[in-house]
Amino acid sequence: MPTTPAAIRIPTDLLPGDGRFGAGPSKVRDAQVSALAAAGRSPLGTSHRQEPVRALVRRIRTGLAELFALPEGYEVALGNGGSTAFWDVATFCLVRERAQHAAFGEFGAKFAKATSRAPFLAQSSVVEAPAGTVAHCHAEEGVDVYAWPHNETSTGAASPVERVPGSREAGTLTVVDGTSAAGGLALDVAQTDAYYFAPQKSFGSDGGLWLALLSPDAVARAAELEADRWVPEFLSLTTALTNSRQDQTLNTPAVATLLLMAEQLDWMLEQGGLEWTTARTAASAANLYGWAESRPWATPFVTDPAERSDVVGTIDLDEALPAGDVLAALRANGVVDTFAYRKLGRNQLRVAMFPAIDPDDVAAFTACVDFVVEQLG
Ligand SMILES: *Cc1c(COP(=O)(O)O)cnc(C)c1O
């Protein structure tokens with residue numbers, strides 16, 4: 001008997017323990033929020049130039065260095081403005097003349113647009129691939145930065161992080177957007193010169209901050225370019241680094257964001273670090289894709305299993321089954337934010353599987369969708 005989607009009641013024993021599956025802001029663990037409440041009189045509401053907040057920044061910098069086993073000489077920098085701001089930081093401070101971008105979704109394309117429009121740079125070289133697949137950078141004369149997203153959040157396709165052969169020797173930097181991948185996908189930092197991300201995805205914190213793992217070559221490039229290129233102070237990587245080295249930011253950060261991030265890093269490290277988080281996201285992904293492949297009305301959008309992301313899964317639904325109805329029914333039962341990326345315009349569910357998300361909850365999510373589909377009849 002067909003019914004309106006929002007009137008569907010999913011039996012409580014099918015519901016996940018936590019119904020947040022959004023790709024960012026994403027699930028914040030209760031323990032992080034408790035830690036935030038406990039910090040209510042310090043460091044919350046205290047100066048970011050004094051030790052209590054600087055200690056938080058230090059916890060984040062050392063925690064990231066440990067989580068990613070930072071190679072000798074690499075440094076952790078941070079600043080305000082999120083990953084979107086880092087695109088402009090990199091445009092000003094890392095690209096000397098010309099960048100090459102691999103673009104296979106919204107986020108990779110946005111960074112390509114930023115460098116392409118910069119009046120002081122040559123037109124960028126852009127290697128494109130259709131949504132749901134992965135494009136790869138390739139050796140090209142005259143290019144001094146190769147850039148791509150580790151995980152394309154808009155499509156659920158993940159790319160390997162490996163330098164273009166010979167690029168390091170040629171002095172070309174590798175700049176990788178790890179915004180949704182960092183903390184949830186395996187990474188060899190030595191394959192990058194700048195690996196940047198934001199706290200609201202795998203780190204289950206809030207937005208507004210960028211963080212970057214920088215190689216000595218990236219630091220040297222910024223110093224070289226900033227010596228004779230006008231760079232707005234807010235976008236200066238050298239200034240950000242100078243502040244980061246003192247466990248500070250150029251201007252006032254959101255202290256609560258720092259605290260949620262530090263708590264999540266401690267949690268990841270206590271559980272077993274990147275090895276543990278990546279095993280957990282892989283278990284979630286196996287639950288999601290295995291389920292989709294076994295349902296006649298569901299198909300993983302990314303056709304090549306090797307390119308399917310373990311942190312953001314995209315599942316196409318049969319045309320006869322409007323995703324809008326499924327989403328409305330899920331939301332009415334507290335299972336939220338599994339809509340497709342808006343510009344992709346597909347009849348699709350997009351499910352975040354960041355480390356905070358329990359693989360059992362991903363399995364519960366699939367059971368909820370099964371129930372809703374049955375009810376929508
Ligand atoms: C979310 C996201 C961004 C944008 O991050 P902001 O912090 O909102 O600027 C950039 N790149 C990727 C891959 C993302 O997933």
# chains A, B, ... in the order shown; residues from 1 in each chain; ligands from 1

call {"tool": "residues_around", "arguments": {"residues": "Gly184 (chain A)", "least_positions_apart": "4", "cutoff": "7 Å", "atoms": "only C-alpha atoms", "output": "PyMOL selection string"}}
result
chain A and resi 202+277-278+281+311+354-355

call {"tool": "residues_near_ligand", "arguments": {"ligand": "ligand 1", "cutoff": "8 Å", "atoms": "only C-alpha atoms and all ligand atoms", "output": "NGL selection string"}}
result
:A and (23-24 or 81-86 or 107-108 or 149-154 or 177-181 or 197-201 or 207-210)

call {"tool": "atom_distance", "arguments": {"atom1": "CA of Lys110 (chain A)", "atom2": "CA of Leu214 (chain A)"}}
result
21.3 Å

call {"tool": "closest_atom_pairs", "arguments": {"of": "region 45-138 of chain A", "to": "region 240-252 of chain A", "cutoff": "6 Å", "atoms": "only C-alpha atoms", "output": "Markdown table"}}
result
| residue | atom | partner | partner_atom | distance |
| --- | --- | --- | --- | --- |
| A:Arg54 | CA | A:Asp247 | CA | 5.2 |
| A:Val57 | CA | A:Asp247 | CA | 5.3 |
| A:Arg58 | CA | A:Asp247 | CA | 5.5 |
| A:Ala77 | CA | A:Ser244 | CA | 5.3 |
| A:Gly79 | CA | A:Thr249 | CA | 5.6 |

call {"tool": "residues_around", "arguments": {"residues": "Pro11 (chain A)", "least_positions_apart": "4", "cutoff": "9 Å", "atoms": "only C-alpha atoms", "output": "ChimeraX atom specification"}}
result
/A:15,368,371

call {"tool": "closest_residue", "arguments": {"among": "A:Ala190, A:Leu317, A:Leu121, A:Ile8", "to": "Thr299 (chain A)", "atoms": "only C-alpha atoms"}}
result
A:Leu317

call {"tool": "closest_residue", "arguments": {"among": "A:Gln100, A:Ser205, A:Thr62, A:Thr91", "to": "Leu259 (chain A)", "atoms": "only C-alpha atoms"}}
result
A:Ser205

call {"tool": "select_by_dssp", "arguments": {"residues": "region 61-226 of chain A", "states": "strand (DSSP E)", "output": "PyMOL selection string"}}
result
chain A and resi 75-80+99-103+125-128+145-149+151-152+157-158+173-177+194-197+209-214

call {"tool": "atom_distance", "arguments": {"atom1": "CA of Val134 (chain A)", "atom2": "CA of Phe68 (chain A)"}}
result
23.9 Å

call {"tool": "closest_residue", "arguments": {"among": "A:Pro232, A:Gly132, A:Pro71, A:Gly345", "to": "Leu213 (chain A)", "atoms": "only C-alpha atoms"}}
result
A:Pro71

call {"tool": "residues_around", "arguments": {"residues": "Gly166 (chain A)", "least_positions_apart": "5", "cutoff": "10 Å", "atoms": "only C-alpha atoms", "output": "MDAnalysis selection string"}}
result
chainID A and resid 139 171:172

call {"tool": "residues_around", "arguments": {"residues": "Phe92 (chain A)", "least_positions_apart": "6", "cutoff": "12 Å", "atoms": "only C-alpha atoms", "output": "JSON list (two decimals) with N, CA and C atoms, in the first residue's frame"}}
result
[["chain", "number", "residue", "atom", "x", "y", "z"],
["A", 85, "ALA", "N", 39.90, 28.50, 0.94],
["A", 85, "ALA", "CA", 40.92, 29.54, 1.10],
["A", 85, "ALA", "C", 42.29, 28.99, 0.69],
["A", 86, "PHE", "N", 42.52, 27.69, 0.96],
["A", 86, "PHE", "CA", 43.84, 27.14, 0.61],
["A", 86, "PHE", "C", 44.04, 27.11, -0.91],
["A", 98, "ARG", "N", 52.65, 27.83, -14.02],
["A", 98, "ARG", "CA", 51.56, 27.06, -14.62],
["A", 98, "ARG", "C", 51.30, 25.78, -13.83],
["A", 99, "ALA", "N", 50.04, 25.54, -13.57],
["A", 99, "ALA", "CA", 49.63, 24.33, -12.86],
["A", 99, "ALA", "C", 48.95, 23.37, -13.82],
["A", 114, "ALA", "N", 40.49, 28.41, -10.02],
["A", 114, "ALA", "CA", 41.23, 29.43, -9.26],
["A", 114, "ALA", "C", 42.57, 29.75, -9.91],
["A", 115, "THR", "N", 43.33, 28.73, -10.31],
["A", 115, "THR", "CA", 44.64, 29.01, -10.92],
["A", 115, "THR", "C", 44.47, 29.52, -12.35],
["A", 116, "SER", "N", 43.46, 29.01, -13.05],
["A", 116, "SER", "CA", 43.26, 29.44, -14.45],
["A", 116, "SER", "C", 42.93, 30.93, -14.54],
["A", 117, "ARG", "N", 42.23, 31.43, -13.53],
["A", 117, "ARG", "CA", 41.81, 32.83, -13.59],
["A", 117, "ARG", "C", 42.83, 33.80, -13.01],
["A", 118, "ALA", "N", 43.89, 33.29, -12.39],
["A", 118, "ALA", "CA", 44.88, 34.19, -11.79],
["A", 118, "ALA", "C", 45.63, 34.94, -12.89],
["A", 119, "PRO", "N", 45.60, 36.29, -12.86],
["A", 119, "PRO", "CA", 46.20, 37.06, -13.96],
["A", 119, "PRO", "C", 47.72, 36.94, -14.03],
["A", 120, "PHE", "N", 48.35, 36.49, -12.95],
["A", 120, "PHE", "CA", 49.82, 36.40, -12.94],
["A", 120, "PHE", "C", 50.32, 35.00, -13.32],
["A", 121, "LEU", "N", 49.38, 34.08, -13.68],
["A", 121, "LEU", "CA", 49.78, 32.73, -14.06],
["A", 121, "LEU", "C", 49.35, 32.45, -15.49],
["A", 221, "ARG", "N", 59.34, 26.95, -2.07],
["A", 221, "ARG", "CA", 58.64, 27.57, -3.20],
["A", 221, "ARG", "C", 57.87, 28.81, -2.73],
["A", 222, "ALA", "N", 57.21, 28.70, -1.58],
["A", 222, "ALA", "CA", 56.45, 29.84, -1.08],
["A", 222, "ALA", "C", 57.39, 31.01, -0.78],
["A", 223, "ALA", "N", 58.51, 30.71, -0.17],
["A", 223, "ALA", "CA", 59.47, 31.78, 0.15],
["A", 223, "ALA", "C", 59.97, 32.45, -1.13],
["A", 224, "GLU", "N", 60.26, 31.63, -2.13],
["A", 224, "GLU", "CA", 60.76, 32.14, -3.43],
["A", 224, "GLU", "C", 59.71, 33.05, -4.08],
["A", 225, "LEU", "N", 58.47, 32.58, -4.16],
["A", 225, "LEU", "CA", 57.44, 33.35, -4.86],
["A", 225, "LEU", "C", 57.04, 34.60, -4.09],
["A", 226, "GLU", "N", 56.96, 34.48, -2.77],
["A", 226, "GLU", "CA", 56.51, 35.61, -1.97],
["A", 226, "GLU", "C", 57.56, 36.72, -1.90],
["A", 227, "ALA", "N", 58.82, 36.38, -2.24],
["A", 227, "ALA", "CA", 59.88, 37.39, -2.22],
["A", 227, "ALA", "C", 59.61, 38.48, -3.26],
["A", 228, "ASP", "N", 58.99, 38.11, -4.38],
["A", 228, "ASP", "CA", 58.76, 39.19, -5.36],
["A", 228, "ASP", "C", 57.36, 39.20, -5.99],
["A", 229, "ARG", "N", 56.43, 38.48, -5.38],
["A", 229, "ARG", "CA", 55.04, 38.55, -5.86],
["A", 229, "ARG", "C", 54.19, 39.17, -4.76],
["A", 230, "TRP", "N", 53.31, 40.10, -5.13],
["A", 230, "TRP", "CA", 52.41, 40.63, -4.11],
["A", 230, "TRP", "C", 51.43, 39.53, -3.71],
["A", 231, "VAL", "N", 51.37, 39.27, -2.41],
["A", 231, "VAL", "CA", 50.46, 38.26, -1.89],
["A", 231, "VAL", "C", 49.69, 38.88, -0.73],
["A", 232, "PRO", "N", 48.34, 38.85, -0.78],
["A", 232, "PRO", "CA", 47.59, 39.37, 0.37],
["A", 232, "PRO", "C", 48.03, 38.63, 1.64],
["A", 233, "GLU", "N", 48.17, 39.34, 2.72],
["A", 233, "GLU", "CA", 48.71, 38.72, 3.93],
["A", 233, "GLU", "C", 47.88, 37.51, 4.36],
["A", 234, "PHE", "N", 46.56, 37.60, 4.18],
["A", 234, "PHE", "CA", 45.68, 36.51, 4.60],
["A", 234, "PHE", "C", 45.96, 35.23, 3.82],
["A", 235, "LEU", "N", 46.55, 35.37, 2.62],
["A", 235, "LEU", "CA", 46.80, 34.21, 1.76],
["A", 235, "LEU", "C", 48.26, 33.82, 1.72],
["A", 236, "SER", "N", 49.06, 34.42, 2.57],
["A", 236, "SER", "CA", 50.50, 34.13, 2.57],
["A", 236, "SER", "C", 50.79, 32.83, 3.30],
["A", 237, "LEU", "N", 51.36, 31.88, 2.58],
["A", 237, "LEU", "CA", 51.69, 30.60, 3.20],
["A", 237, "LEU", "C", 52.86, 30.76, 4.18],
["A", 238, "THR", "N", 53.79, 31.65, 3.83],
["A", 238, "THR", "CA", 54.94, 31.89, 4.69],
["A", 238, "THR", "C", 54.49, 32.49, 6.03]]

call {"tool": "select_by_dssp", "arguments": {"residues": "region 66-204 of chain A", "states": "alpha helix (DSSP H)", "output": "list in words"}}
result
Glu66, Leu67, Gly82, Ser83, Thr84, Ala85, Phe86, Trp87, Asp88, Val89, Ala90, Thr91, Phe92, Cys93, Glu106, Phe107, Gly108, Ala109, Lys110, Phe111, Ala112, Lys113, Ala114, Thr115, Ser116 and Arg117 of chain A

call {"tool": "closest_residue", "arguments": {"among": "A:Val145, A:Val372, A:Gln32, A:Glu51", "to": "Ala332 (chain A)", "atoms": "only C-alpha atoms"}}
result
A:Val372

call {"tool": "closest_residue", "arguments": {"among": "A:Val76, A:Ala158, A:Leu67, A:Ala367", "to": "Ala212 (chain A)", "atoms": "only C-alpha atoms"}}
result
A:Val76

call {"tool": "closest_residue", "arguments": {"among": "A:Gly273, A:Leu211, A:Ala6, A:Asp360", "to": "Val326 (chain A)", "atoms": "only C-alpha atoms"}}
result
A:Ala6

call {"tool": "residues_around", "arguments": {"residues": "Ala103 (chain A)", "least_positions_apart": "2", "cutoff": "9 Å", "atoms": "only C-alpha atoms", "output": "list in words"}}
result
His101, Gly105, Glu106, Phe107, Gly108, Ala109, Lys110, Phe111, Ala112, Val126, Val127, Glu128, Ala129, Pro130, Val134, Ala135, His136, Ala147, Trp148, Pro149 and Glu152 of chain A

call {"tool": "write_last_selection", "arguments": {"atoms": "C-alpha atoms", "output": "compact mmCIF listing (two decimals), in the first residue's frame"}}
result
# COMPACT_ATOMS: atom_id res chain seq x y z
CA HIS A 101 45.04 19.84 -12.56
CA GLY A 105 34.26 16.53 -10.13
CA GLU A 106 33.29 19.83 -8.55
CA PHE A 107 36.14 20.26 -6.09
CA GLY A 108 39.01 19.47 -8.43
CA ALA A 109 37.41 21.79 -11.00
CA LYS A 110 37.13 24.64 -8.50
CA PHE A 111 40.86 24.68 -7.76
CA ALA A 112 41.57 24.47 -11.52
CA VAL A 126 43.34 20.64 -17.01
CA VAL A 127 43.05 16.87 -17.45
CA GLU A 128 39.39 15.98 -17.21
CA ALA A 129 37.45 12.77 -16.74
CA PRO A 130 33.70 12.21 -16.44
CA VAL A 134 39.29 9.45 -12.02
CA ALA A 135 41.56 11.68 -14.12
CA HIS A 136 45.32 11.49 -13.63
CA ALA A 147 47.16 19.09 -8.39
CA TRP A 148 44.26 16.72 -7.79
CA PRO A 149 41.77 15.72 -5.11
CA GLU A 152 36.29 13.75 -5.02

call {"tool": "residues_around", "arguments": {"residues": "Phe301 (chain A)", "least_positions_apart": "3", "cutoff": "12 Å", "atoms": "only C-alpha atoms", "output": "PDB file with C-alpha atoms, in the first residue's frame"}}
result
ATOM      1  CA  PRO A 130      33.698  12.205 -16.443  1.00  0.00           C
ATOM      2  CA  ALA A 131      32.085  12.249 -12.996  1.00  0.00           C
ATOM      3  CA  GLY A 132      32.340   8.816 -11.408  1.00  0.00           C
ATOM      4  CA  THR A 133      35.807   8.127 -12.840  1.00  0.00           C
ATOM      5  CA  SER A 154      31.038  15.355  -5.178  1.00  0.00           C
ATOM      6  CA  THR A 155      31.168  11.975  -6.959  1.00  0.00           C
ATOM      7  CA  GLY A 156      32.604   9.391  -4.555  1.00  0.00           C
ATOM      8  CA  ALA A 157      35.656   8.633  -6.723  1.00  0.00           C
ATOM      9  CA  LEU A 288      27.550  -0.137   1.387  1.00  0.00           C
ATOM     10  CA  TYR A 289      28.816  -1.305  -2.013  1.00  0.00           C
ATOM     11  CA  ALA A 292      24.084  -1.855  -3.562  1.00  0.00           C
ATOM     12  CA  GLU A 293      25.415  -4.569  -5.857  1.00  0.00           C
ATOM     13  CA  ALA A 298      20.646   0.182  -6.757  1.00  0.00           C
ATOM     14  CA  ASP A 304      35.472   0.658 -11.335  1.00  0.00           C
ATOM     15  CA  PRO A 305      35.698  -0.878  -7.833  1.00  0.00           C
ATOM     16  CA  GLU A 307      38.118   3.943  -7.893  1.00  0.00           C
ATOM     17  CA  ARG A 308      35.303   3.656  -5.334  1.00  0.00           C
ATOM     18  CA  SER A 309      35.882   5.773  -2.271  1.00  0.00           C
ATOM     19  CA  VAL A 312      32.068   8.874   0.476  1.00  0.00           C
ATOM     20  CA  GLY A 313      29.911   6.303  -1.324  1.00  0.00           C
ATOM     21  CA  THR A 314      27.521   7.188  -4.155  1.00  0.00           C
ATOM     22  CA  ILE A 315      24.675   4.845  -5.053  1.00  0.00           C
ATOM     23  CA  ASP A 316      22.464   5.418  -8.094  1.00  0.00           C
ATOM     24  CA  LEU A 317      18.820   4.423  -7.757  1.00  0.00           C
ATOM     25  CA  ASP A 318      16.505   3.103 -10.438  1.00  0.00           C
ATOM     26  CA  ALA A 340      23.643  13.610  -4.039  1.00  0.00           C
ATOM     27  CA  LEU A 344      25.744  16.304 -10.138  1.00  0.00           C
ATOM     28  CA  ARG A 346      21.688  12.323 -10.342  1.00  0.00           C
ATOM     29  CA  ASN A 347      19.000  10.088  -8.825  1.00  0.00           C
ATOM     30  CA  GLN A 348      21.446   9.083  -6.157  1.00  0.00           C
ATOM     31  CA  LEU A 349      22.200   8.589  -2.479  1.00  0.00           C
ATOM     32  CA  ARG A 350      25.590   9.794  -1.203  1.00  0.00           C
ATOM     33  CA  VAL A 351      26.717   8.292   2.069  1.00  0.00           C
TER      34      VAL A 351
END

call {"tool": "decode", "arguments": {"residues": "region 229-303 of chain A", "atoms": "C-alpha atoms", "output": "PDB file, in the first residue's frame"}}
result
ATOM      1  CA  ARG A 229      55.044  38.555  -5.865  1.00  0.00           C
ATOM      2  CA  TRP A 230      52.407  40.627  -4.110  1.00  0.00           C
ATOM      3  CA  VAL A 231      50.458  38.256  -1.887  1.00  0.00           C
ATOM      4  CA  PRO A 232      47.589  39.369   0.372  1.00  0.00           C
ATOM      5  CA  GLU A 233      48.706  38.718   3.935  1.00  0.00           C
ATOM      6  CA  PHE A 234      45.681  36.513   4.596  1.00  0.00           C
ATOM      7  CA  LEU A 235      46.798  34.209   1.757  1.00  0.00           C
ATOM      8  CA  SER A 236      50.496  34.130   2.571  1.00  0.00           C
ATOM      9  CA  LEU A 237      51.690  30.595   3.200  1.00  0.00           C
ATOM     10  CA  THR A 238      54.937  31.891   4.694  1.00  0.00           C
ATOM     11  CA  THR A 239      53.014  34.021   7.203  1.00  0.00           C
ATOM     12  CA  ALA A 240      50.732  31.094   8.037  1.00  0.00           C
ATOM     13  CA  LEU A 241      53.772  28.916   8.606  1.00  0.00           C
ATOM     14  CA  THR A 242      55.471  31.502  10.823  1.00  0.00           C
ATOM     15  CA  ASN A 243      52.352  31.611  13.001  1.00  0.00           C
ATOM     16  CA  SER A 244      51.878  27.830  12.937  1.00  0.00           C
ATOM     17  CA  ARG A 245      55.430  27.282  14.159  1.00  0.00           C
ATOM     18  CA  GLN A 246      54.405  29.286  17.242  1.00  0.00           C
ATOM     19  CA  ASP A 247      51.188  27.267  17.591  1.00  0.00           C
ATOM     20  CA  GLN A 248      49.105  30.239  16.522  1.00  0.00           C
ATOM     21  CA  THR A 249      47.109  31.446  13.528  1.00  0.00           C
ATOM     22  CA  LEU A 250      47.427  34.787  11.740  1.00  0.00           C
ATOM     23  CA  ASN A 251      44.027  35.910  13.006  1.00  0.00           C
ATOM     24  CA  THR A 252      41.513  34.603  15.523  1.00  0.00           C
ATOM     25  CA  PRO A 253      40.541  30.963  15.036  1.00  0.00           C
ATOM     26  CA  ALA A 254      37.325  29.264  16.208  1.00  0.00           C
ATOM     27  CA  VAL A 255      38.541  27.741  19.466  1.00  0.00           C
ATOM     28  CA  ALA A 256      35.680  25.216  19.569  1.00  0.00           C
ATOM     29  CA  THR A 257      36.683  23.922  16.126  1.00  0.00           C
ATOM     30  CA  LEU A 258      40.259  23.450  17.315  1.00  0.00           C
ATOM     31  CA  LEU A 259      39.072  21.582  20.381  1.00  0.00           C
ATOM     32  CA  LEU A 260      36.753  19.220  18.470  1.00  0.00           C
ATOM     33  CA  MET A 261      39.583  18.527  16.031  1.00  0.00           C
ATOM     34  CA  ALA A 262      42.147  17.833  18.781  1.00  0.00           C
ATOM     35  CA  GLU A 263      39.714  15.433  20.463  1.00  0.00           C
ATOM     36  CA  GLN A 264      39.116  13.553  17.230  1.00  0.00           C
ATOM     37  CA  LEU A 265      42.840  13.252  16.558  1.00  0.00           C
ATOM     38  CA  ASP A 266      43.482  11.873  20.053  1.00  0.00           C
ATOM     39  CA  TRP A 267      40.645   9.383  19.518  1.00  0.00           C
ATOM     40  CA  MET A 268      42.028   8.229  16.165  1.00  0.00           C
ATOM     41  CA  LEU A 269      45.505   7.784  17.617  1.00  0.00           C
ATOM     42  CA  GLU A 270      44.192   5.891  20.666  1.00  0.00           C
ATOM     43  CA  GLN A 271      42.251   3.521  18.417  1.00  0.00           C
ATOM     44  CA  GLY A 272      45.321   2.679  16.347  1.00  0.00           C
ATOM     45  CA  GLY A 273      45.926   5.584  14.005  1.00  0.00           C
ATOM     46  CA  LEU A 274      45.497   5.597  10.240  1.00  0.00           C
ATOM     47  CA  GLU A 275      45.696   1.819  10.055  1.00  0.00           C
ATOM     48  CA  TRP A 276      42.633   1.568  12.288  1.00  0.00           C
ATOM     49  CA  THR A 277      40.660   4.401  10.670  1.00  0.00           C
ATOM     50  CA  THR A 278      41.243   3.071   7.155  1.00  0.00           C
ATOM     51  CA  ALA A 279      40.229  -0.470   8.167  1.00  0.00           C
ATOM     52  CA  ARG A 280      37.053   1.006   9.614  1.00  0.00           C
ATOM     53  CA  THR A 281      36.174   3.059   6.510  1.00  0.00           C
ATOM     54  CA  ALA A 282      36.939   0.008   4.343  1.00  0.00           C
ATOM     55  CA  ALA A 283      34.503  -2.063   6.436  1.00  0.00           C
ATOM     56  CA  SER A 284      31.818   0.604   6.002  1.00  0.00           C
ATOM     57  CA  ALA A 285      32.453   0.727   2.259  1.00  0.00           C
ATOM     58  CA  ALA A 286      32.219  -3.068   1.948  1.00  0.00           C
ATOM     59  CA  ASN A 287      28.832  -2.881   3.671  1.00  0.00           C
ATOM     60  CA  LEU A 288      27.550  -0.137   1.387  1.00  0.00           C
ATOM     61  CA  TYR A 289      28.816  -1.305  -2.013  1.00  0.00           C
ATOM     62  CA  GLY A 290      28.096  -4.972  -1.280  1.00  0.00           C
ATOM     63  CA  TRP A 291      24.519  -4.076  -0.487  1.00  0.00           C
ATOM     64  CA  ALA A 292      24.084  -1.855  -3.562  1.00  0.00           C
ATOM     65  CA  GLU A 293      25.415  -4.569  -5.857  1.00  0.00           C
ATOM     66  CA  SER A 294      22.898  -7.043  -4.480  1.00  0.00           C
ATOM     67  CA  ARG A 295      19.809  -4.876  -5.058  1.00  0.00           C
ATOM     68  CA  PRO A 296      18.236  -4.732  -8.535  1.00  0.00           C
ATOM     69  CA  TRP A 297      17.262  -1.070  -8.053  1.00  0.00           C
ATOM     70  CA  ALA A 298      20.646   0.182  -6.757  1.00  0.00           C
ATOM     71  CA  THR A 299      24.064   0.498  -8.460  1.00  0.00           C
ATOM     72  CA  PRO A 300      27.353   1.969  -7.247  1.00  0.00           C
ATOM     73  CA  PHE A 301      27.841   5.133  -9.347  1.00  0.00           C
ATOM     74  CA  VAL A 302      31.609   4.591  -9.597  1.00  0.00           C
ATOM     75  CA  THR A 303      31.813   1.581 -11.901  1.00  0.00           C
TER      76      THR A 303
END
